[in-house]
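Coordinates from start_6.cif are shown below (mmCIF, N, CA, C and O atoms).
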data_data
#
loop_
_atom_site.label_atom_id
_atom_site.label_comp_id
_atom_site.auth_asym_id
_atom_site.auth_seq_id
_atom_site.Cartn_x
_atom_site.Cartn_y
_atom_site.Cartn_z
N MET O 1478 -22.72 9.73 -4.68
CA MET O 1478 -21.98 10.91 -4.25
C MET O 1478 -20.51 10.75 -4.64
O MET O 1478 -19.90 9.71 -4.42
N LEU O 1479 -19.95 11.76 -5.20
CA LEU O 1479 -18.53 11.80 -5.52
C LEU O 1479 -17.75 11.97 -4.22
O LEU O 1479 -18.07 12.82 -3.41
N GLU O 1480 -16.73 11.14 -4.01
CA GLU O 1480 -15.97 11.21 -2.77
C GLU O 1480 -14.87 12.26 -2.84
O GLU O 1480 -14.35 12.54 -3.90
N ASN O 1481 -14.55 12.81 -1.69
CA ASN O 1481 -13.43 13.73 -1.59
C ASN O 1481 -12.17 13.00 -2.01
O ASN O 1481 -11.97 11.83 -1.68
N HIS O 1482 -11.30 13.69 -2.72
CA HIS O 1482 -10.03 13.09 -3.09
C HIS O 1482 -9.02 14.17 -3.48
O HIS O 1482 -9.36 15.33 -3.61
N VAL O 1483 -7.79 13.73 -3.65
CA VAL O 1483 -6.70 14.63 -4.00
C VAL O 1483 -6.10 14.16 -5.32
O VAL O 1483 -5.88 12.97 -5.51
N GLU O 1484 -5.87 15.09 -6.22
CA GLU O 1484 -5.21 14.77 -7.48
C GLU O 1484 -3.81 15.37 -7.42
O GLU O 1484 -3.65 16.55 -7.08
N ILE O 1485 -2.82 14.55 -7.74
CA ILE O 1485 -1.42 14.98 -7.74
C ILE O 1485 -0.94 15.09 -9.17
O ILE O 1485 -1.08 14.16 -9.95
N GLU O 1486 -0.40 16.23 -9.53
CA GLU O 1486 0.22 16.42 -10.84
C GLU O 1486 1.63 15.82 -10.70
O GLU O 1486 2.54 16.46 -10.19
N ILE O 1487 1.78 14.59 -11.14
CA ILE O 1487 2.97 13.79 -10.90
C ILE O 1487 4.27 14.51 -11.25
O ILE O 1487 5.22 14.51 -10.47
N ASP O 1488 4.33 15.12 -12.40
CA ASP O 1488 5.58 15.73 -12.84
C ASP O 1488 5.90 17.06 -12.16
O ASP O 1488 6.98 17.61 -12.34
N GLN O 1489 4.97 17.59 -11.35
CA GLN O 1489 5.25 18.80 -10.59
C GLN O 1489 5.67 18.48 -9.15
O GLN O 1489 6.22 19.34 -8.46
N CYS O 1490 5.42 17.26 -8.70
CA CYS O 1490 5.74 16.86 -7.34
C CYS O 1490 7.26 16.68 -7.20
O CYS O 1490 7.89 16.01 -8.01
N LYS O 1491 7.82 17.27 -6.15
CA LYS O 1491 9.26 17.16 -5.89
C LYS O 1491 9.56 16.17 -4.76
O LYS O 1491 10.69 16.07 -4.30
N GLY O 1492 8.53 15.48 -4.27
CA GLY O 1492 8.73 14.44 -3.27
C GLY O 1492 9.19 14.95 -1.91
O GLY O 1492 9.84 14.24 -1.16
N CYS O 1493 8.83 16.17 -1.54
CA CYS O 1493 9.28 16.75 -0.28
C CYS O 1493 8.56 16.15 0.94
O CYS O 1493 9.01 16.30 2.06
N ARG O 1494 7.43 15.50 0.71
CA ARG O 1494 6.64 14.83 1.74
C ARG O 1494 5.92 15.78 2.70
O ARG O 1494 5.32 15.33 3.68
N LEU O 1495 5.93 17.07 2.47
CA LEU O 1495 5.22 17.98 3.37
C LEU O 1495 3.73 17.64 3.42
O LEU O 1495 3.13 17.65 4.49
N CYS O 1496 3.15 17.33 2.29
CA CYS O 1496 1.73 16.99 2.25
C CYS O 1496 1.45 15.68 2.97
O CYS O 1496 0.44 15.54 3.67
N VAL O 1497 2.34 14.70 2.82
CA VAL O 1497 2.17 13.40 3.48
C VAL O 1497 2.16 13.59 4.99
O VAL O 1497 1.31 13.03 5.69
N GLU O 1498 3.09 14.38 5.49
CA GLU O 1498 3.20 14.59 6.93
C GLU O 1498 2.09 15.48 7.49
O GLU O 1498 1.78 15.40 8.68
N THR O 1499 1.48 16.31 6.65
CA THR O 1499 0.44 17.23 7.09
C THR O 1499 -0.96 16.62 7.06
O THR O 1499 -1.82 17.02 7.82
N CYS O 1500 -1.18 15.62 6.21
CA CYS O 1500 -2.52 15.05 6.04
C CYS O 1500 -3.02 14.41 7.34
O CYS O 1500 -2.43 13.43 7.82
N PRO O 1501 -4.12 14.93 7.91
CA PRO O 1501 -4.61 14.40 9.18
C PRO O 1501 -5.25 13.01 9.06
O PRO O 1501 -5.37 12.30 10.05
N THR O 1502 -5.64 12.61 7.86
CA THR O 1502 -6.27 11.30 7.68
C THR O 1502 -5.37 10.30 6.97
O THR O 1502 -5.79 9.20 6.64
N HIS O 1503 -4.12 10.67 6.73
CA HIS O 1503 -3.11 9.78 6.14
C HIS O 1503 -3.55 9.21 4.79
O HIS O 1503 -3.35 8.03 4.52
N CYS O 1504 -4.09 10.07 3.95
CA CYS O 1504 -4.55 9.66 2.62
C CYS O 1504 -3.44 9.72 1.57
O CYS O 1504 -3.62 9.21 0.47
N LEU O 1505 -2.34 10.35 1.90
CA LEU O 1505 -1.24 10.51 0.95
C LEU O 1505 -0.05 9.67 1.39
O LEU O 1505 0.20 9.51 2.58
N THR O 1506 0.70 9.18 0.42
CA THR O 1506 1.89 8.38 0.72
C THR O 1506 2.97 8.66 -0.31
O THR O 1506 2.67 9.02 -1.44
N GLN O 1507 4.20 8.50 0.11
CA GLN O 1507 5.33 8.63 -0.81
C GLN O 1507 5.40 7.37 -1.66
O GLN O 1507 5.47 6.27 -1.13
N GLY O 1508 5.36 7.52 -2.95
CA GLY O 1508 5.44 6.38 -3.84
C GLY O 1508 6.88 5.98 -4.11
O GLY O 1508 7.81 6.69 -3.74
N SER O 1509 7.06 4.87 -4.78
CA SER O 1509 8.41 4.44 -5.15
C SER O 1509 8.71 4.73 -6.62
O SER O 1509 9.86 4.68 -7.04
N ALA O 1510 7.66 5.04 -7.39
CA ALA O 1510 7.85 5.38 -8.80
C ALA O 1510 8.49 6.76 -8.91
O ALA O 1510 8.38 7.59 -8.02
N ILE O 1511 9.16 6.99 -10.03
CA ILE O 1511 9.89 8.24 -10.24
C ILE O 1511 9.28 9.02 -11.41
O ILE O 1511 8.96 8.44 -12.45
N ASN O 1512 9.13 10.33 -11.22
CA ASN O 1512 8.58 11.18 -12.28
C ASN O 1512 9.67 11.62 -13.26
O ASN O 1512 10.84 11.25 -13.11
N ARG O 1513 9.30 12.43 -14.24
CA ARG O 1513 10.25 12.88 -15.27
C ARG O 1513 11.43 13.68 -14.72
O ARG O 1513 12.48 13.73 -15.32
N SER O 1514 11.23 14.30 -13.57
CA SER O 1514 12.30 15.10 -12.97
C SER O 1514 13.21 14.28 -12.04
O SER O 1514 14.15 14.81 -11.48
N GLY O 1515 12.88 13.01 -11.87
CA GLY O 1515 13.70 12.13 -11.05
C GLY O 1515 13.31 12.07 -9.58
O GLY O 1515 14.07 11.57 -8.76
N TYR O 1516 12.12 12.56 -9.25
CA TYR O 1516 11.65 12.54 -7.86
C TYR O 1516 10.65 11.41 -7.64
O TYR O 1516 9.85 11.09 -8.52
N GLN O 1517 10.67 10.85 -6.43
CA GLN O 1517 9.63 9.90 -6.04
C GLN O 1517 8.43 10.74 -5.65
O GLN O 1517 8.47 11.47 -4.66
N TYR O 1518 7.37 10.64 -6.43
CA TYR O 1518 6.22 11.50 -6.21
C TYR O 1518 5.22 10.90 -5.22
O TYR O 1518 5.22 9.71 -4.95
N VAL O 1519 4.39 11.77 -4.69
CA VAL O 1519 3.37 11.41 -3.71
C VAL O 1519 2.14 10.88 -4.44
O VAL O 1519 1.81 11.32 -5.55
N ARG O 1520 1.46 9.95 -3.80
CA ARG O 1520 0.22 9.39 -4.36
C ARG O 1520 -0.92 9.50 -3.36
O ARG O 1520 -0.70 9.43 -2.15
N PHE O 1521 -2.12 9.65 -3.89
CA PHE O 1521 -3.33 9.60 -3.07
C PHE O 1521 -3.67 8.13 -2.94
O PHE O 1521 -3.90 7.45 -3.93
N GLU O 1522 -3.70 7.60 -1.73
CA GLU O 1522 -3.79 6.18 -1.51
C GLU O 1522 -5.12 5.64 -1.03
O GLU O 1522 -5.49 4.55 -1.40
N GLN O 1523 -5.77 6.33 -0.13
CA GLN O 1523 -6.92 5.69 0.50
C GLN O 1523 -8.08 6.65 0.70
O GLN O 1523 -7.93 7.85 0.63
N LYS O 1524 -9.21 6.06 0.97
CA LYS O 1524 -10.41 6.85 1.24
C LYS O 1524 -10.33 7.48 2.62
O LYS O 1524 -9.48 7.14 3.42
N GLY O 1525 -11.21 8.40 2.87
CA GLY O 1525 -11.24 9.07 4.16
C GLY O 1525 -10.84 10.53 4.08
O GLY O 1525 -10.80 11.23 5.08
N CYS O 1526 -10.54 10.99 2.88
CA CYS O 1526 -10.15 12.39 2.68
C CYS O 1526 -11.31 13.30 3.10
O CYS O 1526 -12.44 13.11 2.70
N THR O 1527 -10.99 14.31 3.91
CA THR O 1527 -12.00 15.27 4.35
C THR O 1527 -11.99 16.54 3.49
O THR O 1527 -12.77 17.44 3.75
N ALA O 1528 -11.10 16.61 2.51
CA ALA O 1528 -10.95 17.78 1.65
C ALA O 1528 -10.62 19.02 2.47
O ALA O 1528 -11.04 20.12 2.15
N CYS O 1529 -9.82 18.83 3.51
CA CYS O 1529 -9.46 19.95 4.40
C CYS O 1529 -8.55 20.96 3.70
O CYS O 1529 -8.51 22.12 4.07
N GLY O 1530 -7.78 20.49 2.71
CA GLY O 1530 -6.91 21.39 1.97
C GLY O 1530 -5.53 21.60 2.57
O GLY O 1530 -4.73 22.37 2.04
N PHE O 1531 -5.21 20.95 3.69
CA PHE O 1531 -3.90 21.12 4.31
C PHE O 1531 -2.78 20.80 3.33
O PHE O 1531 -1.78 21.50 3.26
N CYS O 1532 -2.94 19.72 2.57
CA CYS O 1532 -1.91 19.31 1.61
C CYS O 1532 -1.71 20.39 0.55
O CYS O 1532 -0.59 20.70 0.16
N TYR O 1533 -2.80 20.95 0.09
CA TYR O 1533 -2.76 22.00 -0.93
C TYR O 1533 -1.99 23.23 -0.42
O TYR O 1533 -1.14 23.77 -1.12
N TYR O 1534 -2.30 23.66 0.79
CA TYR O 1534 -1.70 24.87 1.32
C TYR O 1534 -0.23 24.69 1.72
O TYR O 1534 0.54 25.63 1.66
N ILE O 1535 0.17 23.49 2.11
CA ILE O 1535 1.56 23.26 2.54
C ILE O 1535 2.49 23.01 1.35
O ILE O 1535 3.69 23.21 1.45
N CYS O 1536 1.95 22.61 0.21
CA CYS O 1536 2.76 22.25 -0.94
C CYS O 1536 3.47 23.48 -1.53
O CYS O 1536 2.83 24.47 -1.86
N PRO O 1537 4.80 23.40 -1.67
CA PRO O 1537 5.54 24.54 -2.23
C PRO O 1537 5.47 24.64 -3.75
O PRO O 1537 5.94 25.63 -4.31
N GLU O 1538 4.90 23.66 -4.41
CA GLU O 1538 4.81 23.65 -5.87
C GLU O 1538 3.40 24.06 -6.32
O GLU O 1538 2.47 23.26 -6.21
N PRO O 1539 3.22 25.26 -6.84
CA PRO O 1539 1.90 25.69 -7.30
C PRO O 1539 1.36 24.75 -8.38
O PRO O 1539 2.06 24.44 -9.34
N GLY O 1540 0.17 24.28 -8.19
CA GLY O 1540 -0.46 23.43 -9.18
C GLY O 1540 -0.17 21.95 -9.05
O GLY O 1540 -0.69 21.16 -9.81
N ALA O 1541 0.64 21.55 -8.08
CA ALA O 1541 0.97 20.13 -7.93
C ALA O 1541 -0.17 19.35 -7.29
O ALA O 1541 -0.35 18.17 -7.57
N ILE O 1542 -0.94 20.00 -6.44
CA ILE O 1542 -2.03 19.32 -5.71
C ILE O 1542 -3.34 20.04 -5.96
O ILE O 1542 -3.44 21.26 -5.87
N THR O 1543 -4.35 19.24 -6.26
CA THR O 1543 -5.72 19.74 -6.38
C THR O 1543 -6.59 18.92 -5.44
O THR O 1543 -6.56 17.69 -5.47
N VAL O 1544 -7.34 19.59 -4.59
CA VAL O 1544 -8.25 18.92 -3.67
C VAL O 1544 -9.65 18.99 -4.26
O VAL O 1544 -10.14 20.07 -4.59
N ILE O 1545 -10.27 17.83 -4.40
CA ILE O 1545 -11.62 17.76 -4.95
C ILE O 1545 -12.59 17.42 -3.83
O ILE O 1545 -12.49 16.37 -3.21
N LYS O 1546 -13.50 18.32 -3.58
CA LYS O 1546 -14.52 18.09 -2.54
C LYS O 1546 -15.74 17.47 -3.20
O LYS O 1546 -16.31 18.05 -4.12
N GLY O 1547 -16.12 16.29 -2.72
CA GLY O 1547 -17.29 15.60 -3.26
C GLY O 1547 -18.55 16.40 -2.98
O GLY O 1547 -18.66 17.06 -1.95
N GLU O 1548 -19.47 16.33 -3.89
CA GLU O 1548 -20.72 17.03 -3.72
C GLU O 1548 -21.87 16.07 -3.92
O GLU O 1548 -21.78 15.15 -4.72
N LYS O 1549 -22.92 16.29 -3.17
CA LYS O 1549 -24.09 15.43 -3.31
C LYS O 1549 -24.78 15.72 -4.62
O LYS O 1549 -24.92 16.87 -5.04
N LYS O 1550 -25.21 14.67 -5.26
CA LYS O 1550 -25.98 14.80 -6.50
C LYS O 1550 -27.46 14.71 -6.14
O LYS O 1550 -27.83 14.21 -5.09
N ALA O 1551 -28.30 15.19 -7.02
CA ALA O 1551 -29.74 15.12 -6.80
C ALA O 1551 -30.14 13.67 -6.55
O ALA O 1551 -29.74 12.77 -7.28
N GLY O 1552 -30.88 13.44 -5.50
CA GLY O 1552 -31.33 12.10 -5.19
C GLY O 1552 -30.45 11.35 -4.20
O GLY O 1552 -30.83 10.32 -3.68
N ASP O 1553 -29.24 11.87 -3.91
CA ASP O 1553 -28.36 11.25 -2.93
C ASP O 1553 -28.91 11.54 -1.54
O ASP O 1553 -29.39 12.63 -1.26
N HIS O 1554 -28.83 10.57 -0.68
CA HIS O 1554 -29.28 10.74 0.70
C HIS O 1554 -28.10 10.52 1.62
O HIS O 1554 -27.26 9.69 1.37
N GLY O 1555 -28.05 11.24 2.73
CA GLY O 1555 -27.01 10.97 3.71
C GLY O 1555 -26.29 12.13 4.14
O GLY O 1555 -25.74 13.00 4.10
#
Let's see the structure in the file written out as structure tokens.
Amino acid sequence: MLENHVEIEIDQCKGCRLCVETCPTHCLTQGSAINRSGYQYVRFEQKGCTACGFCYYICPEPGAITVIKGEKKAGDHG
């Protein structure tokens, strides 16, 4: 089964941390690396993502966050 996760478009992230503070499972964190625009961008760090979409909806940058909801494949049990 593909796990739920969040993809961050690094160069669109402005490092505002709204998604980090909104994530109920604390899957996102502020990184120390800097993107092309000079911002410390957010990273998806750990498992446990519920694909709730809170990070997507709170983000002021269209296209910076994509939430991927895992789907069961044929033959997966659980």
Applying 8 Å and all atoms listed in the file, which residues near Pro1501 in chain O remain after dropping the ones on its own chain fewer than 5 positions away? List them as a short mmCIF file (atom, residue, chain, number, x, y, z; two decimals) with N, CA, C and O atoms, in the coordinates of the input.
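Below you can see result_18.cif, which holds the result:
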data_model
loop_
_atom_site.label_atom_id
_atom_site.label_comp_id
_atom_site.auth_asym_id
_atom_site.auth_seq_id
_atom_site.Cartn_x
_atom_site.Cartn_y
_atom_site.Cartn_z
N CYS O 1496 3.15 17.33 2.29
CA CYS O 1496 1.73 16.99 2.25
C CYS O 1496 1.45 15.68 2.97
O CYS O 1496 0.44 15.54 3.67
N GLY O 1525 -11.21 8.40 2.87
CA GLY O 1525 -11.24 9.07 4.16
C GLY O 1525 -10.84 10.53 4.08
O GLY O 1525 -10.80 11.23 5.08
N THR O 1527 -10.99 14.31 3.91
CA THR O 1527 -12.00 15.27 4.35
C THR O 1527 -11.99 16.54 3.49
O THR O 1527 -12.77 17.44 3.75
N PHE O 1531 -5.21 20.95 3.69
CA PHE O 1531 -3.90 21.12 4.31
C PHE O 1531 -2.78 20.80 3.33
O PHE O 1531 -1.78 21.50 3.26
N CYS O 1532 -2.94 19.72 2.57
CA CYS O 1532 -1.91 19.31 1.61
C CYS O 1532 -1.71 20.39 0.55
O CYS O 1532 -0.59 20.70 0.16
#
ask   = Can you tell me how far atom O of Gly1492 in chain O sits from atom C of Lys1546 in chain O, in Å to one decimal?
value =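 So the two atoms, atom O of Gly1492 in chain O and atom C of Lys1546 in chain O, lie 25.9 Å apart.
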Would you place a box with edges along x, y and z of the file around all atoms of range 1510-1520 of chain O listed there, add 5 Å to each of its six sides, and report the centre and edge lengths in Å to one decimal, as JSON?
{"center_x": 6.6, "center_y": 10.1, "center_z": -8.7, "size_x": 25.1, "size_y": 20.1, "size_z": 23.2}
For this session: Would you kindly return, as a ChimeraX atom specification, each protein, DNA or RNA residue with an atom no farther than 8 Å from any atom of Glu1538 in chain O, considering all atoms listed in the file and excluding same-chain residues fewer than 3 positions away?
Result: /O:1486,1489-1491,1532-1535,1541-1543
- request: Select, from O:His1503, O:Gly1530, O:Tyr1516, O:Phe1521, the residue with the minimum atom-to-atom distance to Glu1484 in chain O, counting only C-alpha atoms.
  value: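 Of O:His1503, O:Gly1530, O:Tyr1516, O:Phe1521, the one nearest Glu1484 in chain O, counting only C-alpha atoms, is O:Phe1521.
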Record the distance separating CA of Thr1502 in chain O and CA of Asp1488 in chain O, expressed in Å with one decimal.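 Straight-line distance from CA of Thr1502 in chain O to CA of Asp1488 in chain O works out to 24.1 Å.
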### Query
Which parts of chain O does DSSP call helix (DSSP H, G or I) when run on the backbone here, written out as JSON, numbers by chain?
{"O": [1487, 1488, 1489, 1495, 1496, 1497, 1498, 1499, 1531, 1532, 1533, 1534, 1535]}
Would you mind exporting N, CA, C and O atoms of the selected residues as a compact mmCIF listing (two decimals), keeping the file's coordinate frame?
# COMPACT_ATOMS: atom_id res chain seq x y z
N ILE O 1487 1.78 14.59 -11.14
CA ILE O 1487 2.97 13.79 -10.90
C ILE O 1487 4.27 14.51 -11.25
O ILE O 1487 5.22 14.51 -10.47
N ASP O 1488 4.33 15.12 -12.40
CA ASP O 1488 5.58 15.73 -12.84
C ASP O 1488 5.90 17.06 -12.16
O ASP O 1488 6.98 17.61 -12.34
N GLN O 1489 4.97 17.59 -11.35
CA GLN O 1489 5.25 18.80 -10.59
C GLN O 1489 5.67 18.48 -9.15
O GLN O 1489 6.22 19.34 -8.46
N LEU O 1495 5.93 17.07 2.47
CA LEU O 1495 5.22 17.98 3.37
C LEU O 1495 3.73 17.64 3.42
O LEU O 1495 3.13 17.65 4.49
N CYS O 1496 3.15 17.33 2.29
CA CYS O 1496 1.73 16.99 2.25
C CYS O 1496 1.45 15.68 2.97
O CYS O 1496 0.44 15.54 3.67
N VAL O 1497 2.34 14.70 2.82
CA VAL O 1497 2.17 13.40 3.48
C VAL O 1497 2.16 13.59 4.99
O VAL O 1497 1.31 13.03 5.69
N GLU O 1498 3.09 14.38 5.49
CA GLU O 1498 3.20 14.59 6.93
C GLU O 1498 2.09 15.48 7.49
O GLU O 1498 1.78 15.40 8.68
N THR O 1499 1.48 16.31 6.65
CA THR O 1499 0.44 17.23 7.09
C THR O 1499 -0.96 16.62 7.06
O THR O 1499 -1.82 17.02 7.82
N PHE O 1531 -5.21 20.95 3.69
CA PHE O 1531 -3.90 21.12 4.31
C PHE O 1531 -2.78 20.80 3.33
O PHE O 1531 -1.78 21.50 3.26
N CYS O 1532 -2.94 19.72 2.57
CA CYS O 1532 -1.91 19.31 1.61
C CYS O 1532 -1.71 20.39 0.55
O CYS O 1532 -0.59 20.70 0.16
N TYR O 1533 -2.80 20.95 0.09
CA TYR O 1533 -2.76 22.00 -0.93
C TYR O 1533 -1.99 23.23 -0.42
O TYR O 1533 -1.14 23.77 -1.12
N TYR O 1534 -2.30 23.66 0.79
CA TYR O 1534 -1.70 24.87 1.32
C TYR O 1534 -0.23 24.69 1.72
O TYR O 1534 0.54 25.63 1.66
N ILE O 1535 0.17 23.49 2.11
CA ILE O 1535 1.56 23.26 2.54
C ILE O 1535 2.49 23.01 1.35
O ILE O 1535 3.69 23.21 1.45
Next on the checklist: Report, in Å to a single decimal, how far apart atom N of Gln1507 in chain O and atom O of Val1544 in chain O are.
Outcome noted: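 Interatomic distance, atom O of Val1544 in chain O to atom N of Gln1507 in chain O: 19.0 Å.
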Q. Between O:Gly1547, O:Ile1485, O:Arg1494, O:Ala1510, which one has atoms that come closest to Ala1528 in chain O, using only N, CA, C and O atoms?
A.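 Checking each of O:Gly1547, O:Ile1485, O:Arg1494, O:Ala1510 against Ala1528 in chain O, counting only N, CA, C and O atoms, the winner is O:Gly1547.
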Q.
Once the PyMOL selection byres (((chain O and resi 1519 and name CA) around 6) and name CA) is applied to the coordinates I shared, what remains selected? I want it as a VMD selection string.
A. chain O and resid 1506 to 1508 1518 1520
Could you save the residues just selected, with N, CA, C and O atoms, as an mmCIF file, in the coordinates of the input?
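Output contents, as saved in part-v4.cif:
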data_model
loop_
_atom_site.group_PDB
_atom_site.id
_atom_site.type_symbol
_atom_site.label_atom_id
_atom_site.label_comp_id
_atom_site.auth_asym_id
_atom_site.auth_seq_id
_atom_site.Cartn_x
_atom_site.Cartn_y
_atom_site.Cartn_z
ATOM 1 N N THR O 1506 0.700 9.180 0.420
ATOM 2 C CA THR O 1506 1.890 8.380 0.720
ATOM 3 C C THR O 1506 2.970 8.660 -0.310
ATOM 4 O O THR O 1506 2.670 9.020 -1.440
ATOM 5 N N GLN O 1507 4.200 8.500 0.110
ATOM 6 C CA GLN O 1507 5.330 8.630 -0.810
ATOM 7 C C GLN O 1507 5.400 7.370 -1.660
ATOM 8 O O GLN O 1507 5.470 6.270 -1.130
ATOM 9 N N GLY O 1508 5.360 7.520 -2.950
ATOM 10 C CA GLY O 1508 5.440 6.380 -3.840
ATOM 11 C C GLY O 1508 6.880 5.980 -4.110
ATOM 12 O O GLY O 1508 7.810 6.690 -3.740
ATOM 13 N N TYR O 1518 7.370 10.640 -6.430
ATOM 14 C CA TYR O 1518 6.220 11.500 -6.210
ATOM 15 C C TYR O 1518 5.220 10.900 -5.220
ATOM 16 O O TYR O 1518 5.220 9.710 -4.950
ATOM 17 N N ARG O 1520 1.460 9.950 -3.800
ATOM 18 C CA ARG O 1520 0.220 9.390 -4.360
ATOM 19 C C ARG O 1520 -0.920 9.500 -3.360
ATOM 20 O O ARG O 1520 -0.700 9.430 -2.150
#
One residue among O:Ile1545, O:Cys1500, O:Cys1536, O:Leu1505 is nearest to Gln1523 in chain O when using all atoms listed in the file, and that residue is O:Leu1505
_Under the rule that all atoms listed in the file are counted, which of O:Cys1504, O:Cys1529, O:Val1497, O:Ile1487 is the nearest residue to Gln1517 in chain O?_
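Answer, going by the shortest atom-to-atom distance: O:Ile1487.
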